[in-house]
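Peer 1: Provided herewith is a single structure, encoded as structure tokens, for subsequent inquiry.
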Amino acid sequence: MLFTDFGTADIYVGQVKSVLHRLAPHASVIDLAHDLQAFNIRAAAHLLDALKDSFQEGSVFLCVIDPGVGGTRRPIVMHAAGRHFVGPDNGLLSVVAARAAEKRFWSIVWRPVGLSDSFHGRDLFAPIAAQIAAGTLTPGQLQTLAALANDFGADDLEQIIYIDHYGNACTGIRADHANAEKILHAKGRRIDRARVFGDVSRGSMLWYVNSHGLVEIAMNCGNAAGALGLQIGDPVSWAG
Amino acid sequence: MLFTDFGTADIYVGQVKSVLHRLAPHASVIDLAHDLQAFNIRAAAHLLDALKDSFQEGSVFLCVIDPGVGGTRRPIVMHAAGRHFVGPDNGLLSVVAARAAEKRFWSIVWRPVGLSDSFHGRDLFAPIAAQIAAGTLTPGQLQTLAALANDFGADDLEQIIYIDHYGNACTGIRADHANAEKILHAKGRRIDRARVFGDVSRGSMLWYVNSHGLVEIAMNCGNAAGALGLQIGDPVSWAG
Amino acid sequence: MLFTDFGTADIYVGQVKSVLHRLAPHASVIDLAHDLQAFNIRAAAHLLDALKDSFQEGSVFLCVIDPGVGGTRRPIVMHAAGRHFVGPDNGLLSVVAARAAEKRFWSIVWRPVGLSDSFHGRDLFAPIAAQIAAGTLTPGQLQTLAALANDFGADDLEQIIYIDHYGNACTGIRADHANAEKILHAKGRRIDRARVFGDVSRGSMLWYVNSHGLVEIAMNCGNAAGALGLQIGDPVSWAG
């Protein structure tokens, strides 16, 4: 599973897949998201936690939103929620970790020949992810780690964490912390809950529990984020 | 074959592929289109009919443009033109059906545990498509259906049905209903036929029969849709 | 490896993959780039040379930026740098050729039944690429060629050849022709070198050697191309 900010339309994903194919030719590679906001690691960390359950236990998630590439941030492997995660230790994996009953962390101490300064997704993270998938990782490549360096914690995030191309705006609030009677505030607007789009009139706004179990703002036959001017990182709150 | 309005860059296609991979691990999954207009089912229905022939007989098409998800529209399976189609009974499959010599329809009566209200592409249609591909569908999951609930018919659609990133604007008019001598009208402009772009001068407009057998408006070294302000659903007509 | 201007979000790539899957069912198909500038073949030719090394020897590159489709340009196969390339003889493959120690060229003389005038990517180039990958090409399909008809040569290109979604602007200047002490000029601006983004202050511009070995202009936590108004084809030069 690839979860990155590399851009669907850019030249980076293909190079990562070339590495995965070389080192894990029998693994299935599925693109989960490639257009995440480069500078909002916290939002992506919450989205990753919500999406991970759509993929089988044992899956390897290659997670690269990494503005600090080439600096001092640590490359890590995490095992949590029955799945493997490979990425930078900048908080991206921390929401999954904080909510998982059992988790283990390792620092990636292996370095490839010819490691680039700017593309660890291809040169460092992809080879490790491929070797985990293929079962060919050797003990010396990793070193046990006690804890993450950056941790956003387990709490919900009362912000917009993802906006899709329909204009639906997903928050970091989990369904079991929502209440159908509650009114959601966003950009000074009061939004009522509905079960599905079709339950409100054309052009009306609603919040609903989306298919990843998160509270989401939408407009029937319209673009909610566009209408409200919502962006990733904008705050939302409950009224009453 | 995936034919949806899920958005190439969004998080939905990956989740659908995860389901397909789990239930039909040996099937090849090919993305045909994911950025179709959510609210123009009729245009997409004509495009689907033109594109289906590029894929082998026996292929399974997972077709989801489904603004009525969570409402009362019926989920269906269709066998027509030697291929399988899975999607909502909202007209999307009806142009293929109307033009096919033989066709059969089934209602999907199976419902998964944990069916979401908003993402039947992942929860309902993908499992059925995967099981058809893998040959693991069981009789009780489907129920024979006499006819489609929504039917756009077999006639050509004298409208723009698709605009690509070059700005070429494809109509729903099939080549055998065109005539090289005819002039096409769009947005008040008269457009002559040419065989290929290079047969007209740089910046000139032309219509030609595209590689899917449909009449298409283009500009040599330019963006025809941008120049004419064409959008999906805009009418075109023949002069004389 | 697919290297085209077909558009990630459009309906063309899926049709090409359908052909590849039919004729080379065991080959892995990786998308390298699909949103290249249709009318800048020279920039794409330099980018292709830089990216080819990310893929294993023996790989088959299907390269289609082909504004002259349906005209007189020749369809060719090239073997160079241990890899196979299939595409039009319009210069797109010529930078790889000019820099390779050994290279061989063939004209594709085979023509399929039902060849369209506008989509040789699907009808002509994809079947040849698939047959090379599957080892099923027959001698009569190709004819030895002495040289390319269009040749951009081996020299670096002192222009912007690619801009990614972060706004990083890649030039056609190879690292070994750069010098860390040199200042790069672009749009009247003087830009100093840094090793990685994090070595300059937030919002500052830098040039660095990117992961494909080319000189690239970037801005720490910002969009360099947007800030400078850079586009593909814009000239850059060294100061002093």
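Each chain of the structure tokens is named A, B, ... in the order shown, its residues numbered from 1; ligands are numbered from 1 in display order.
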Please tabulate, as a tab-separated table, the residues of stretch 31-78 of chain A that come within 10 Å of stretch 193-212 of chain C, each with its closest pair of atoms and the distance in Å to one decimal, counting only C-alpha atoms and ordering rows by chain, then residue number upward.
Peer 2:
residue	atom	partner	partner_atom	distance
A:Pro67	CA	C:Gly198	CA	8.4
A:Gly68	CA	C:Gly198	CA	6.8
A:Val69	CA	C:Val196	CA	7.9
A:Gly70	CA	C:Val196	CA	6.2
A:Gly71	CA	C:Gly198	CA	6.7
A:Thr72	CA	C:Gly198	CA	9.9
Peer 1: Find the nearest atom pair between each residue of chain B and chain A for residues within 7 Å, count only C-alpha atoms, give distances in Å to one decimal, sort rows by chain and ascending number, and present the table as a Markdown table.
Peer 2:
| residue | atom | partner | partner_atom | distance |
| --- | --- | --- | --- | --- |
| B:Gly7 | CA | A:His165 | CA | 6.4 |
| B:Ala9 | CA | A:Thr8 | CA | 5.9 |
| B:Asp10 | CA | A:Asp164 | CA | 6.0 |
| B:Ile11 | CA | A:Ala33 | CA | 5.3 |
| B:Gly14 | CA | A:Leu32 | CA | 4.5 |
| B:Gln15 | CA | A:Ser54 | CA | 6.1 |
| B:Lys17 | CA | A:Ile30 | CA | 7.0 |
| B:Ser18 | CA | A:Phe55 | CA | 6.0 |
| B:Gly68 | CA | A:Gly198 | CA | 6.8 |
| B:Gly70 | CA | A:Val196 | CA | 6.2 |
| B:Gly71 | CA | A:Gly198 | CA | 6.7 |
| B:Ser116 | CA | A:Ser211 | CA | 5.6 |
| B:Asp117 | CA | A:Val196 | CA | 6.5 |
| B:Ser118 | CA | A:Ser211 | CA | 6.3 |
| B:Phe119 | CA | A:Ser211 | CA | 6.1 |
Peer 1: May I ask for the distance between atom CA of B:Leu93 and atom CA of B:Leu230, given in Å to one decimal place?
Peer 2: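 According to the coordinates, atom CA of B:Leu93 and atom CA of B:Leu230 are separated by 25.1 Å.
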Peer 1: I need the residues of stretch 96-201 of chain B that end up classed as strand (DSSP E) by DSSP on the backbone, written out as a ChimeraX atom specification.
Peer 2: /B:103-108,142-145,157-163,169-174,183-186,189-191
Peer 1: Would you save the residues of that selection, restricted to C-alpha atoms, as a PDB file, in the first residue's frame?
Peer 2:
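Okay, this is what ended up in out_8.pdb:
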ATOM      1  CA  LYS B 103     -28.268  -9.355 -22.786  1.00  0.00           C
ATOM      2  CA  ARG B 104     -29.261 -10.673 -19.391  1.00  0.00           C
ATOM      3  CA  PHE B 105     -29.840  -8.797 -16.142  1.00  0.00           C
ATOM      4  CA  TRP B 106     -29.726  -9.737 -12.482  1.00  0.00           C
ATOM      5  CA  SER B 107     -30.473  -7.840  -9.294  1.00  0.00           C
ATOM      6  CA  ILE B 108     -27.798  -8.155  -6.593  1.00  0.00           C
ATOM      7  CA  LEU B 142     -28.216 -12.677  -7.678  1.00  0.00           C
ATOM      8  CA  GLN B 143     -31.820 -12.773  -8.824  1.00  0.00           C
ATOM      9  CA  THR B 144     -32.904 -12.686 -12.473  1.00  0.00           C
ATOM     10  CA  LEU B 145     -34.275  -9.360 -13.659  1.00  0.00           C
ATOM     11  CA  LEU B 157     -26.324  11.243 -28.279  1.00  0.00           C
ATOM     12  CA  GLU B 158     -25.726  14.528 -30.133  1.00  0.00           C
ATOM     13  CA  GLN B 159     -23.841  16.015 -27.194  1.00  0.00           C
ATOM     14  CA  ILE B 160     -20.300  16.240 -25.902  1.00  0.00           C
ATOM     15  CA  ILE B 161     -19.828  13.127 -23.748  1.00  0.00           C
ATOM     16  CA  TYR B 162     -16.116  13.321 -22.871  1.00  0.00           C
ATOM     17  CA  ILE B 163     -13.308  15.906 -22.929  1.00  0.00           C
ATOM     18  CA  ALA B 169     -14.231  16.886 -27.223  1.00  0.00           C
ATOM     19  CA  CYS B 170     -15.838  13.535 -27.997  1.00  0.00           C
ATOM     20  CA  THR B 171     -19.502  13.354 -28.986  1.00  0.00           C
ATOM     21  CA  GLY B 172     -21.952  10.486 -28.642  1.00  0.00           C
ATOM     22  CA  ILE B 173     -22.314  10.219 -32.437  1.00  0.00           C
ATOM     23  CA  ARG B 174     -21.052   6.974 -33.942  1.00  0.00           C
ATOM     24  CA  ILE B 183     -20.385  20.075 -41.252  1.00  0.00           C
ATOM     25  CA  LEU B 184     -20.690  19.823 -37.473  1.00  0.00           C
ATOM     26  CA  HIS B 185     -22.151  22.705 -35.470  1.00  0.00           C
ATOM     27  CA  ALA B 186     -20.991  23.357 -31.917  1.00  0.00           C
ATOM     28  CA  ARG B 189     -19.221  27.351 -34.962  1.00  0.00           C
ATOM     29  CA  ARG B 190     -19.132  25.341 -38.248  1.00  0.00           C
ATOM     30  CA  ILE B 191     -16.511  22.585 -38.185  1.00  0.00           C
TER      31      ILE B 191
END
Peer 1: At a cut-off of 9 Å, using only C-alpha atoms, what residues contact B:Val60? Leave out same-chain residues fewer than 5 positions from it and give the result as JSON, numbers by chain.
Peer 2: {"B": [1, 2, 83, 84, 85, 86, 129, 130, 132, 133]}
Peer 1: Residues of the last selection are to be written out with N, CA and C atoms, as a short mmCIF file (atom, residue, chain, number, x, y, z; two decimals), in the first residue's frame.
Peer 2:
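File part-v4.cif, as written:
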data_model
loop_
_atom_site.label_atom_id
_atom_site.label_comp_id
_atom_site.auth_asym_id
_atom_site.auth_seq_id
_atom_site.Cartn_x
_atom_site.Cartn_y
_atom_site.Cartn_z
N MET B 1 -12.01 -4.21 -15.17
CA MET B 1 -12.01 -2.86 -15.71
C MET B 1 -12.79 -1.94 -14.78
N LEU B 2 -12.20 -0.88 -14.36
CA LEU B 2 -12.84 0.05 -13.44
C LEU B 2 -13.26 1.30 -14.21
N ARG B 83 -19.52 -9.54 -22.38
CA ARG B 83 -18.79 -9.03 -21.21
C ARG B 83 -19.74 -8.89 -20.02
N HIS B 84 -19.16 -8.81 -18.83
CA HIS B 84 -19.94 -8.65 -17.60
C HIS B 84 -19.85 -7.21 -17.11
N PHE B 85 -20.94 -6.69 -16.60
CA PHE B 85 -20.97 -5.33 -16.08
C PHE B 85 -21.62 -5.36 -14.70
N VAL B 86 -21.04 -4.65 -13.74
CA VAL B 86 -21.58 -4.58 -12.39
C VAL B 86 -21.74 -3.10 -12.05
N ALA B 129 -18.07 -8.06 -8.39
CA ALA B 129 -17.23 -8.09 -9.60
C ALA B 129 -16.07 -9.06 -9.40
N ALA B 130 -15.46 -9.04 -8.22
CA ALA B 130 -14.34 -9.94 -7.95
C ALA B 130 -14.79 -11.40 -8.00
N ILE B 132 -17.30 -12.65 -9.68
CA ILE B 132 -17.54 -13.02 -11.09
C ILE B 132 -16.20 -13.36 -11.75
N ALA B 133 -15.21 -12.50 -11.54
CA ALA B 133 -13.90 -12.71 -12.16
C ALA B 133 -13.27 -14.01 -11.68
#
Peer 1: Can you list, as a ChimeraX atom specification, every residue of stretch 105-155 of chain A that DSSP puts in alpha helix (DSSP H)?
Peer 2: /A:120,126-134
Peer 1: Generate a file of the selected residues that holds N, CA and C atoms, formatted as a CSV table (one decimal), in the first residue's frame.
Peer 2:
chain,number,residue,atom,x,y,z
A,120,HIS,N,14.3,9.4,-0.5
A,120,HIS,CA,14.4,8.2,0.3
A,120,HIS,C,13.2,7.3,0.1
A,126,ALA,N,11.4,2.2,0.1
A,126,ALA,CA,10.8,1.2,-0.8
A,126,ALA,C,11.6,-0.1,-0.7
A,127,PRO,N,12.9,-0.1,-0.7
A,127,PRO,CA,13.6,-1.4,-0.6
A,127,PRO,C,13.3,-2.1,0.7
A,128,ILE,N,13.1,-1.4,1.8
A,128,ILE,CA,12.8,-2.0,3.1
A,128,ILE,C,11.4,-2.6,3.0
A,129,ALA,N,10.4,-1.8,2.5
A,129,ALA,CA,9.0,-2.3,2.4
A,129,ALA,C,9.0,-3.5,1.5
A,130,ALA,N,9.7,-3.5,0.4
A,130,ALA,CA,9.7,-4.7,-0.5
A,130,ALA,C,10.3,-5.9,0.2
A,131,GLN,N,11.3,-5.7,1.0
A,131,GLN,CA,11.9,-6.9,1.7
A,131,GLN,C,11.0,-7.4,2.8
A,132,ILE,N,10.3,-6.5,3.5
A,132,ILE,CA,9.3,-7.0,4.4
A,132,ILE,C,8.3,-7.9,3.7
A,133,ALA,N,7.8,-7.4,2.6
A,133,ALA,CA,6.7,-8.1,1.8
A,133,ALA,C,7.2,-9.4,1.3
A,134,ALA,N,8.5,-9.4,0.9
A,134,ALA,CA,9.1,-10.7,0.3
A,134,ALA,C,9.6,-11.6,1.4
